[in-house]
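Shown next: run20.pdb, given as PDB, C-alpha atoms.
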ATOM      1  CA  MET A   1     -14.480  -1.563 -18.599
ATOM      2  CA  PRO A   2     -12.174  -1.871 -21.627
ATOM      3  CA  GLY A   3     -12.898  -4.577 -24.207
ATOM      4  CA  ASN A   4     -14.587  -7.938 -23.906
ATOM      5  CA  PRO A   5     -13.890  -9.769 -20.609
ATOM      6  CA  ARG A   6     -13.223 -13.017 -22.489
ATOM      7  CA  LEU A   7     -10.214 -11.455 -24.254
ATOM      8  CA  PHE A   8      -8.235 -10.847 -21.039
ATOM      9  CA  PRO A   9      -6.769 -13.228 -18.456
ATOM     10  CA  ALA A  10      -8.834 -13.712 -15.306
ATOM     11  CA  SER A  11      -5.934 -12.435 -13.181
ATOM     12  CA  LEU A  12      -6.123  -9.039 -14.850
ATOM     13  CA  TRP A  13      -9.851  -8.712 -14.169
ATOM     14  CA  THR A  14      -9.175  -9.624 -10.561
ATOM     15  CA  LEU A  15      -6.714  -6.738 -10.444
ATOM     16  CA  LEU A  16      -9.264  -4.396 -11.983
ATOM     17  CA  GLU A  17     -11.863  -5.377  -9.412
ATOM     18  CA  MET A  18      -9.459  -5.061  -6.478
ATOM     19  CA  ALA A  19      -7.822  -1.771  -7.456
ATOM     20  CA  PRO A  20      -8.430   0.400  -4.358
ATOM     21  CA  TYR A  21     -10.024   3.854  -4.351
ATOM     22  CA  GLY A  22     -10.794   3.992  -8.069
ATOM     23  CA  CYS A  23      -7.191   3.738  -9.319
ATOM     24  CA  TRP A  24      -8.156   2.770 -12.847
ATOM     25  CA  GLY A  25      -5.065   4.281 -14.480
ATOM     26  CA  LEU A  26      -2.915   1.470 -13.101
ATOM     27  CA  PRO A  27      -4.854  -1.511 -14.553
ATOM     28  CA  VAL A  28      -5.279   0.223 -17.907
ATOM     29  CA  ALA A  29      -1.526   0.790 -18.112
ATOM     30  CA  LEU A  30      -0.895  -2.858 -17.265
ATOM     31  CA  LEU A  31      -3.381  -4.019 -19.889
ATOM     32  CA  THR A  32      -1.563  -1.960 -22.510
ATOM     33  CA  LEU A  33       1.796  -3.456 -21.611
ATOM     34  CA  LEU A  34       0.785  -7.045 -20.895
ATOM     35  CA  CYS A  35      -1.547  -7.549 -23.831
ATOM     36  CA  CYS A  36       0.931  -6.295 -26.424
ATOM     37  CA  PRO A  37       4.014  -8.548 -26.121
ATOM     38  CA  GLY A  38       5.352  -7.354 -29.462
ATOM     39  CA  SER A  39       5.729  -3.762 -28.319
ATOM     40  CA  GLY A  40       9.492  -4.151 -27.784
ATOM     41  CA  GLU A  41       9.358  -2.969 -24.168
ATOM     42  CA  LYS A  42      12.959  -3.216 -22.823
ATOM     43  CA  THR A  43      12.483  -1.767 -19.341
ATOM     44  CA  PHE A  44       9.834  -2.365 -16.740
ATOM     45  CA  LYS A  45       7.856   0.033 -14.582
ATOM     46  CA  VAL A  46       6.580   0.072 -11.023
ATOM     47  CA  TYR A  47       3.207   1.552 -10.123
ATOM     48  CA  MET A  48       1.814   2.627  -6.771
ATOM     49  CA  CYS A  49      -1.781   3.399  -6.020
ATOM     50  CA  PRO A  50      -2.668   5.809  -4.598
ATOM     51  CA  GLU A  51       0.358   7.889  -5.560
ATOM     52  CA  GLU A  52      -0.403  10.477  -2.854
ATOM     53  CA  VAL A  53      -1.668   9.096   0.453
ATOM     54  CA  VAL A  54      -3.808  11.308   2.701
ATOM     55  CA  VAL A  55      -5.158   9.559   5.778
ATOM     56  CA  LYS A  56      -6.688  10.498   9.116
ATOM     57  CA  ARG A  57      -4.333   9.999  12.046
ATOM     58  CA  GLY A  58      -4.653   6.507  13.510
ATOM     59  CA  GLU A  59      -6.564   5.037  10.571
ATOM     60  CA  SER A  60      -5.581   2.562   7.805
ATOM     61  CA  GLN A  61      -4.943   2.762   4.069
ATOM     62  CA  LYS A  62      -4.756   0.163   1.268
ATOM     63  CA  ILE A  63      -1.689   0.367  -0.996
ATOM     64  CA  ASN A  64      -1.467  -1.423  -4.361
ATOM     65  CA  CYS A  65       2.029  -2.118  -5.724
ATOM     66  CA  SER A  66       2.281  -3.470  -9.285
ATOM     67  CA  THR A  67       4.740  -3.792 -12.147
ATOM     68  CA  SER A  68       4.867  -4.248 -15.909
ATOM     69  CA  CYS A  69       7.515  -6.966 -15.517
ATOM     70  CA  PRO A  70       5.895 -10.308 -16.538
ATOM     71  CA  GLN A  71       7.824 -12.401 -14.011
ATOM     72  CA  PRO A  72       9.414 -10.290 -11.236
ATOM     73  CA  GLU A  73      11.865 -12.071  -8.944
ATOM     74  CA  ALA A  74      10.790 -10.056  -5.885
ATOM     75  CA  GLY A  75       8.574  -7.191  -4.867
ATOM     76  CA  GLY A  76       7.014  -5.497  -1.883
ATOM     77  CA  LEU A  77       6.326  -2.348   0.107
ATOM     78  CA  GLU A  78       8.938  -0.560   2.224
ATOM     79  CA  THR A  79       7.541   1.475   5.124
ATOM     80  CA  THR A  80       8.169   2.159   8.806
ATOM     81  CA  LEU A  81       4.428   1.755   9.423
ATOM     82  CA  SER A  82       2.645  -1.462  10.307
ATOM     83  CA  LYS A  83       1.685  -3.360   7.135
ATOM     84  CA  GLU A  84      -0.155  -6.521   6.142
ATOM     85  CA  LEU A  85      -0.160  -8.296   2.760
ATOM     86  CA  LEU A  86      -3.810  -8.834   1.818
ATOM     87  CA  HIS A  87      -3.583 -10.336  -1.707
ATOM     88  CA  GLU A  88      -0.920 -10.917  -4.339
ATOM     89  CA  GLN A  89      -0.256 -12.291  -7.784
ATOM     90  CA  ALA A  90       2.911 -12.306  -9.860
ATOM     91  CA  GLN A  91       2.671  -8.683 -10.955
ATOM     92  CA  TRP A  92       0.898  -6.995  -8.041
ATOM     93  CA  LYS A  93       0.593  -6.952  -4.261
ATOM     94  CA  LEU A  94      -2.128  -5.343  -2.159
ATOM     95  CA  PHE A  95      -1.144  -4.162   1.339
ATOM     96  CA  LEU A  96      -3.019  -2.714   4.286
ATOM     97  CA  VAL A  97      -1.016  -0.075   6.184
ATOM     98  CA  SER A  98      -2.409   0.411   9.719
ATOM     99  CA  ASN A  99      -2.321   3.010  12.487
ATOM    100  CA  VAL A 100      -0.853   5.779  10.345
ATOM    101  CA  SER A 101       0.453   8.287  12.899
ATOM    102  CA  HIS A 102       2.843  10.644  11.112
ATOM    103  CA  ASN A 103       3.947  12.015   7.752
ATOM    104  CA  THR A 104       6.320   9.647   6.025
ATOM    105  CA  LEU A 105       7.306   8.010   2.717
ATOM    106  CA  MET A 106       6.414   4.573   1.351
ATOM    107  CA  HIS A 107       8.154   2.717  -1.476
ATOM    108  CA  CYS A 108       6.792   0.021  -3.801
ATOM    109  CA  TYR A 109       9.598  -2.005  -5.390
ATOM    110  CA  PHE A 110      10.046  -4.915  -7.804
ATOM    111  CA  THR A 111      13.097  -6.743  -9.137
ATOM    112  CA  CYS A 112      13.058  -7.873 -12.767
ATOM    113  CA  GLY A 113      16.027  -9.466 -14.585
ATOM    114  CA  GLY A 114      18.315  -8.566 -11.682
ATOM    115  CA  LYS A 115      17.338  -4.891 -11.841
ATOM    116  CA  GLN A 116      15.294  -3.217  -9.109
ATOM    117  CA  MET A 117      12.857  -0.365  -9.693
ATOM    118  CA  SER A 118      10.714   1.485  -7.168
ATOM    119  CA  LYS A 119       7.915   4.025  -6.822
ATOM    120  CA  THR A 120       7.570   6.435  -3.876
ATOM    121  CA  ALA A 121       4.460   7.972  -2.335
ATOM    122  CA  ASN A 122       4.145  10.761   0.216
ATOM    123  CA  VAL A 123       1.993   9.992   3.243
ATOM    124  CA  SER A 124       0.218  13.040   4.700
ATOM    125  CA  VAL A 125      -1.599  12.647   8.007
ATOM    126  CA  PHE A 126      -4.437  14.888   9.189
ATOM    127  CA  TYR A 127      -6.408  15.105  12.432
ATOM    128  CA  PRO A 128      -9.459  17.400  12.311
ATOM    129  CA  PRO A 129     -10.568  19.639  15.195
ATOM    130  CA  LYS A 130     -12.610  17.600  17.679
ATOM    131  CA  GLU A 131     -12.952  20.341  20.299
ATOM    132  CA  VAL A 132     -13.104  24.107  19.857
ATOM    133  CA  LEU A 133     -13.004  25.845  23.231
ATOM    134  CA  LEU A 134     -14.015  29.513  23.579
ATOM    135  CA  LYS A 135     -13.457  31.634  26.687
ATOM    136  CA  LEU A 136     -14.454  35.241  27.446
ATOM    137  CA  GLN A 137     -12.525  36.972  30.230
ATOM    138  CA  PRO A 138     -14.258  38.603  32.006
ATOM    139  CA  THR A 139     -17.819  37.649  31.106
ATOM    140  CA  TRP A 140     -19.172  40.887  32.692
ATOM    141  CA  VAL A 141     -17.702  44.237  31.597
ATOM    142  CA  ASN A 142     -18.545  47.955  31.633
ATOM    143  CA  LEU A 143     -19.276  49.726  28.380
ATOM    144  CA  GLY A 144     -15.896  50.711  26.907
ATOM    145  CA  GLY A 145     -14.048  48.296  29.176
ATOM    146  CA  SER A 146     -11.515  45.738  27.962
ATOM    147  CA  PHE A 147     -12.111  42.012  27.634
ATOM    148  CA  THR A 148     -10.308  39.063  26.059
ATOM    149  CA  ILE A 149     -11.558  36.389  23.647
ATOM    150  CA  GLU A 150      -9.578  33.162  23.712
ATOM    151  CA  CYS A 151     -10.051  30.227  21.320
ATOM    152  CA  ARG A 152      -8.214  26.934  21.720
ATOM    153  CA  VAL A 153      -8.155  23.673  19.740
ATOM    154  CA  PRO A 154      -6.370  20.974  21.796
ATOM    155  CA  ASP A 155      -5.214  18.640  18.965
ATOM    156  CA  VAL A 156      -4.971  19.226  15.233
ATOM    157  CA  VAL A 157      -2.798  18.144  12.257
ATOM    158  CA  PRO A 158      -1.528  19.718  10.053
ATOM    159  CA  LEU A 159      -1.507  22.968  12.052
ATOM    160  CA  GLU A 160      -0.318  24.965   9.030
ATOM    161  CA  LYS A 161      -3.645  24.191   7.288
ATOM    162  CA  LEU A 162      -5.766  25.512  10.182
ATOM    163  CA  THR A 163      -7.556  28.867  10.433
ATOM    164  CA  LEU A 164      -9.219  30.106  13.624
ATOM    165  CA  THR A 165     -11.936  32.749  13.169
ATOM    166  CA  LEU A 166     -13.468  34.686  16.078
ATOM    167  CA  LEU A 167     -17.065  35.724  15.393
ATOM    168  CA  HIS A 168     -19.601  38.085  16.966
ATOM    169  CA  GLY A 169     -22.865  36.877  15.510
ATOM    170  CA  ASN A 170     -21.982  36.553  11.813
ATOM    171  CA  ARG A 171     -19.359  39.305  11.927
ATOM    172  CA  THR A 172     -15.673  38.355  11.800
ATOM    173  CA  LEU A 173     -13.625  39.927  14.587
ATOM    174  CA  HIS A 174     -10.265  38.246  14.147
ATOM    175  CA  LYS A 175      -8.553  35.514  12.103
ATOM    176  CA  LYS A 176      -5.385  33.579  12.804
ATOM    177  CA  THR A 177      -3.469  31.202  10.523
ATOM    178  CA  PHE A 178      -0.484  29.024  11.367
ATOM    179  CA  ALA A 179       1.632  29.033   8.205
ATOM    180  CA  GLY A 180       5.095  27.623   8.783
ATOM    181  CA  ALA A 181       4.077  25.570  11.824
ATOM    182  CA  THR A 182       6.074  22.424  12.536
ATOM    183  CA  ALA A 183       4.627  18.990  11.777
ATOM    184  CA  GLY A 184       2.968  16.791  14.361
ATOM    185  CA  LEU A 185      -0.069  16.842  16.629
ATOM    186  CA  GLN A 186      -0.283  20.289  18.241
ATOM    187  CA  GLU A 187      -2.537  22.700  20.091
ATOM    188  CA  ALA A 188      -3.838  25.807  18.321
ATOM    189  CA  LEU A 189      -4.484  29.015  20.252
ATOM    190  CA  THR A 190      -5.495  32.578  19.451
ATOM    191  CA  ILE A 191      -6.151  35.457  21.878
ATOM    192  CA  HIS A 192      -7.863  38.696  20.875
ATOM    193  CA  ASN A 193      -8.105  41.774  23.118
ATOM    194  CA  THR A 194     -10.883  44.276  22.469
ATOM    195  CA  THR A 195     -13.230  46.774  24.149
ATOM    196  CA  ALA A 196     -16.925  46.382  24.904
ATOM    197  CA  HIS A 197     -19.544  48.129  22.770
ATOM    198  CA  ARG A 198     -23.233  48.444  23.570
ATOM    199  CA  GLU A 199     -24.158  45.986  20.800
ATOM    200  CA  ASP A 200     -21.726  43.330  22.100
ATOM    201  CA  GLY A 201     -24.403  42.145  24.510
ATOM    202  CA  ASN A 202     -26.900  41.507  21.704
ATOM    203  CA  HIS A 203     -25.122  38.625  19.897
ATOM    204  CA  ASN A 204     -23.192  35.522  20.868
ATOM    205  CA  PHE A 205     -19.442  35.178  20.451
ATOM    206  CA  SER A 206     -18.108  31.999  18.841
ATOM    207  CA  CYS A 207     -14.967  30.505  17.283
ATOM    208  CA  LYS A 208     -14.756  28.566  14.018
ATOM    209  CA  ALA A 209     -11.837  26.179  13.386
ATOM    210  CA  GLU A 210     -11.364  25.211   9.724
ATOM    211  CA  LEU A 211      -8.824  22.666   8.479
ATOM    212  CA  ASP A 212      -8.277  23.279   4.748
ATOM    213  CA  LEU A 213      -7.168  20.022   3.078
ATOM    214  CA  LYS A 214      -7.962  20.982  -0.519
ATOM    215  CA  SER A 215      -4.266  21.123  -1.420
ATOM    216  CA  LEU A 216      -4.074  17.454  -0.356
ATOM    217  CA  GLY A 217      -7.017  16.472  -2.537
ATOM    218  CA  GLN A 218      -9.507  16.465   0.347
ATOM    219  CA  SER A 219     -12.313  18.816   1.377
ATOM    220  CA  SER A 220     -12.202  21.302   4.248
ATOM    221  CA  ILE A 221     -13.263  20.188   7.731
ATOM    222  CA  TRP A 222     -14.635  22.707  10.214
ATOM    223  CA  LYS A 223     -16.098  22.855  13.710
ATOM    224  CA  VAL A 224     -17.606  25.734  15.732
ATOM    225  CA  SER A 225     -17.376  26.301  19.476
ATOM    226  CA  GLU A 226     -20.291  26.596  21.854
ATOM    227  CA  PRO A 227     -21.519  30.238  21.835
ATOM    228  CA  GLN A 228     -20.682  32.588  24.712
ATOM    229  CA  MET A 229     -22.589  35.752  25.757
ATOM    230  CA  LEU A 230     -20.923  38.913  27.079
ATOM    231  CA  LYS A 231     -22.809  41.029  29.658
ATOM    232  CA  VAL A 232     -22.190  44.711  28.933
ATOM    233  CA  HIS A 233     -23.082  47.403  31.510
ATOM    234  CA  ALA A 234     -23.268  51.120  30.755
ATOM    235  CA  VAL A 235     -22.229  53.980  33.084
ATOM    236  CA  ALA A 236     -25.195  56.266  33.858
ATOM    237  CA  SER A 237     -24.721  60.037  33.596
ATOM    238  CA  GLU A 238     -25.103  62.324  36.655
ATOM    239  CA  ALA A 239     -28.412  63.655  35.267
ATOM    240  CA  GLU A 240     -29.767  60.114  34.838
ATOM    241  CA  ARG A 241     -28.780  59.197  38.377
ATOM    242  CA  ARG A 242     -30.477  62.326  39.798
ATOM    243  CA  LEU A 243     -33.597  61.540  37.761
ATOM    244  CA  ARG A 244     -33.764  58.089  39.297
ATOM    245  CA  GLY A 245     -32.855  59.383  42.733
ATOM    246  CA  ALA A 246     -30.027  56.844  42.860
ATOM    247  CA  SER A 247     -26.377  57.088  43.684
ATOM    248  CA  SER A 248     -25.436  54.089  41.594
ATOM    249  CA  VAL A 249     -22.757  54.797  38.990
ATOM    250  CA  GLU A 250     -23.191  51.576  37.011
ATOM    251  CA  GLU A 251     -26.222  50.829  34.889
ATOM    252  CA  PRO A 252     -26.766  47.929  32.517
ATOM    253  CA  ALA A 253     -26.791  48.566  28.778
ATOM    254  CA  THR A 254     -30.441  47.547  28.296
ATOM    255  CA  GLY A 255     -33.603  48.663  30.117
ATOM    256  CA  LEU A 256     -36.737  46.988  31.401
ATOM    257  CA  PRO A 257     -39.647  48.436  29.366
ATOM    258  CA  GLY A 258     -42.455  50.151  31.302
ATOM    259  CA  THR A 259     -40.700  50.139  34.693
ATOM    260  CA  GLY A 260     -38.219  52.977  34.481
ATOM    261  CA  CYS A 261     -35.672  50.433  35.730
ATOM    262  CA  MET A 262     -32.472  49.179  34.166
ATOM    263  CA  SER A 263     -31.806  45.438  34.135
ATOM    264  CA  GLY A 264     -28.875  43.912  35.985
ATOM    265  CA  VAL A 265     -27.321  44.500  39.379
ATOM    266  CA  ALA A 266     -26.589  47.980  40.828
ATOM    267  CA  THR A 267     -23.967  48.663  43.438
ATOM    268  CA  THR A 268     -26.161  50.853  45.711
ATOM    269  CA  THR A 269     -29.836  51.660  46.215
ATOM    270  CA  ALA A 270     -31.730  54.934  46.290
ATOM    271  CA  ALA A 271     -33.317  56.390  49.393
ATOM    272  CA  THR A 272     -36.779  56.594  47.788
ATOM    273  CA  GLY A 273     -38.536  55.179  44.788
ATOM    274  CA  THR A 274     -39.533  51.780  43.400
ATOM    275  CA  GLN A 275     -37.134  48.852  43.814
ATOM    276  CA  CYS A 276     -36.416  47.005  40.570
ATOM    277  CA  GLY A 277     -36.764  43.306  41.406
ATOM    278  CA  SER A 278     -34.165  41.868  43.755
ATOM    279  CA  SER A 279     -31.260  43.670  42.132
ATOM    280  CA  GLY A 280     -31.103  46.478  44.691
ATOM    281  CA  LEU A 281     -31.775  49.064  41.923
ATOM    282  CA  TRP A 282     -34.504  51.702  42.452
ATOM    283  CA  SER A 283     -36.320  54.099  40.135
ATOM    284  CA  SER A 284     -37.797  57.398  41.228
ATOM    285  CA  PRO A 285     -41.570  57.514  41.690
ATOM    286  CA  GLY A 286     -43.634  58.719  38.725
TER     287      GLY A 286
END

For the file at hand, write its structure as structure tokens.
Amino acid sequence: MPGNPRLFPASLWTLLEMAPYGCWGLPVALLTLLCCPGSGEKTFKVYMCPEEVVVKRGESQKINCSTSCPQPEAGGLETTLSKELLHEQAQWKLFLVSNVSHNTLMHCYFTCGGKQMSKTANVSVFYPPKEVLLKLQPTWVNLGGSFTIECRVPDVVPLEKLTLTLLHGNRTLHKKTFAGATAGLQEALTIHNTTAHREDGNHNFSCKAELDLKSLGQSSIWKVSEPQMLKVHAVASEAERRLRGASSVEEPATGLPGTGCMSGVATTTAATGTQCGSSGLWSSPG
């Protein structure tokens, strides 16, 4: 705190205490102007705090409007949003703006000596990903076959700050950004077509949605989908089928140790041999 509290009017200390969100530059500027009447100040200034407003969609924000004019004739906050005057003194007014739903502008204004001055702030609204929905189609595929990974985020703002990343384990498969997207609450979607590899059945697939708000003075917000597993089946060679005495052409990509069987479901059974569980798959006798 600057100086000795007894040297400054109580109203100024009230302003210091009530300044929202650590906006100390505003009270210090007022102290400089108001405590030095011999400075020859001919014009007055209007201050707005915060100068850049970033708020979650549907929430509220305090706005402090103040002026260096000792006795302004009028003052206030112009906005299309719902507002409420919380506190005021001659040189400042504290408002609560509620249910912020869209990007807009707000204006603090004061009139001093018949002249009006104003200060404008941008209002940027964000809505972080609440749901990240991942879908594999199909969930069962032959080795080398095609499948689709779809990731969807139902509601997000601003879409242009969002990145969707498709992952297989910790490996990145695909990224999509939305630069140039229009403003407003929107759905985000990315679809990636690929082919099945043997190792695709060993790790989960997932989707990460990250909303990067650093350019707005905020941190990044991210959410990951529930993991999904792909079942990959291999095609057995003619020699392998003869060895097992089976006519099945489809075999799963992983085996059952010590049984000579392959896990999963076969399309046909062999005439002789040992049946592998209830799958209908047989192995030839030892």

Name the residues that the PyMOL selection byres ((chain A and resi 227-231) around 12) picks from the file above, as a short mmCIF file (atom, residue, chain, number, x, y, z; two decimals) with C-alpha atoms, in the coordinates of the input, using the file's chain letters and numbers.
data_model
loop_
_atom_site.label_atom_id
_atom_site.label_comp_id
_atom_site.auth_asym_id
_atom_site.auth_seq_id
_atom_site.Cartn_x
_atom_site.Cartn_y
_atom_site.Cartn_z
CA VAL A 132 -13.10 24.11 19.86
CA LEU A 133 -13.00 25.84 23.23
CA LEU A 134 -14.02 29.51 23.58
CA LYS A 135 -13.46 31.63 26.69
CA LEU A 136 -14.45 35.24 27.45
CA GLN A 137 -12.52 36.97 30.23
CA PRO A 138 -14.26 38.60 32.01
CA THR A 139 -17.82 37.65 31.11
CA TRP A 140 -19.17 40.89 32.69
CA VAL A 141 -17.70 44.24 31.60
CA ASN A 142 -18.55 47.96 31.63
CA LEU A 143 -19.28 49.73 28.38
CA GLY A 145 -14.05 48.30 29.18
CA SER A 146 -11.52 45.74 27.96
CA PHE A 147 -12.11 42.01 27.63
CA THR A 148 -10.31 39.06 26.06
CA ILE A 149 -11.56 36.39 23.65
CA GLU A 150 -9.58 33.16 23.71
CA CYS A 151 -10.05 30.23 21.32
CA LEU A 166 -13.47 34.69 16.08
CA LEU A 167 -17.07 35.72 15.39
CA HIS A 168 -19.60 38.08 16.97
CA GLY A 169 -22.86 36.88 15.51
CA ASN A 170 -21.98 36.55 11.81
CA THR A 195 -13.23 46.77 24.15
CA ALA A 196 -16.92 46.38 24.90
CA HIS A 197 -19.54 48.13 22.77
CA ARG A 198 -23.23 48.44 23.57
CA GLU A 199 -24.16 45.99 20.80
CA ASP A 200 -21.73 43.33 22.10
CA GLY A 201 -24.40 42.14 24.51
CA ASN A 202 -26.90 41.51 21.70
CA HIS A 203 -25.12 38.62 19.90
CA ASN A 204 -23.19 35.52 20.87
CA PHE A 205 -19.44 35.18 20.45
CA SER A 206 -18.11 32.00 18.84
CA CYS A 207 -14.97 30.50 17.28
CA LYS A 208 -14.76 28.57 14.02
CA VAL A 224 -17.61 25.73 15.73
CA SER A 225 -17.38 26.30 19.48
CA GLU A 226 -20.29 26.60 21.85
CA VAL A 232 -22.19 44.71 28.93
CA HIS A 233 -23.08 47.40 31.51
CA ALA A 234 -23.27 51.12 30.76
CA GLU A 251 -26.22 50.83 34.89
CA PRO A 252 -26.77 47.93 32.52
CA ALA A 253 -26.79 48.57 28.78
CA THR A 254 -30.44 47.55 28.30
CA SER A 263 -31.81 45.44 34.14
CA GLY A 264 -28.88 43.91 35.98
CA VAL A 265 -27.32 44.50 39.38
#

Item to complete: Rank nothing, just name the residue among A:Val54, A:Leu164, A:Leu185, A:Leu86 nearest to A:Thr104, using only C-alpha atoms.
Response: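 Checking each of A:Val54, A:Leu164, A:Leu185, A:Leu86 against A:Thr104, counting only C-alpha atoms, the winner is A:Val54.
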
Item to complete: Spell out the residues picked by the PyMOL selection byres ((chain A and resi 58) around 8) here, as a PyMOL selection string.
Response: chain A and resi 56-57+59-60+98-101

Worksheet item: In Å to one decimal, how far is atom CA of A:His87 from atom CA of A:Cys69?
Response: 18.0 Å

Practice prompt. Would you work out the distance separating atom CA of A:Glu131 from atom CA of A:Ala188, expressed in Å to one decimal?
Written response: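 Between these atoms lies a distance of 10.8 Å.
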
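The residue that comes closest to A:Gln218, out of A:Trp92, A:Phe178, A:Tyr47, A:Phe126 and on the basis of only C-alpha atoms, is A:Phe126.
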
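The spacing separating atom CA of A:Thr79 from atom CA of A:Asn122 amounts to 11.0 Å.
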
Worksheet item: Can you list what the PyMOL selection byres ((chain A and resi 62) around 9) grabs from this structure, as a PyMOL selection string?
Response: chain A and resi 20-21+49-50+60-61+63-64+94-98
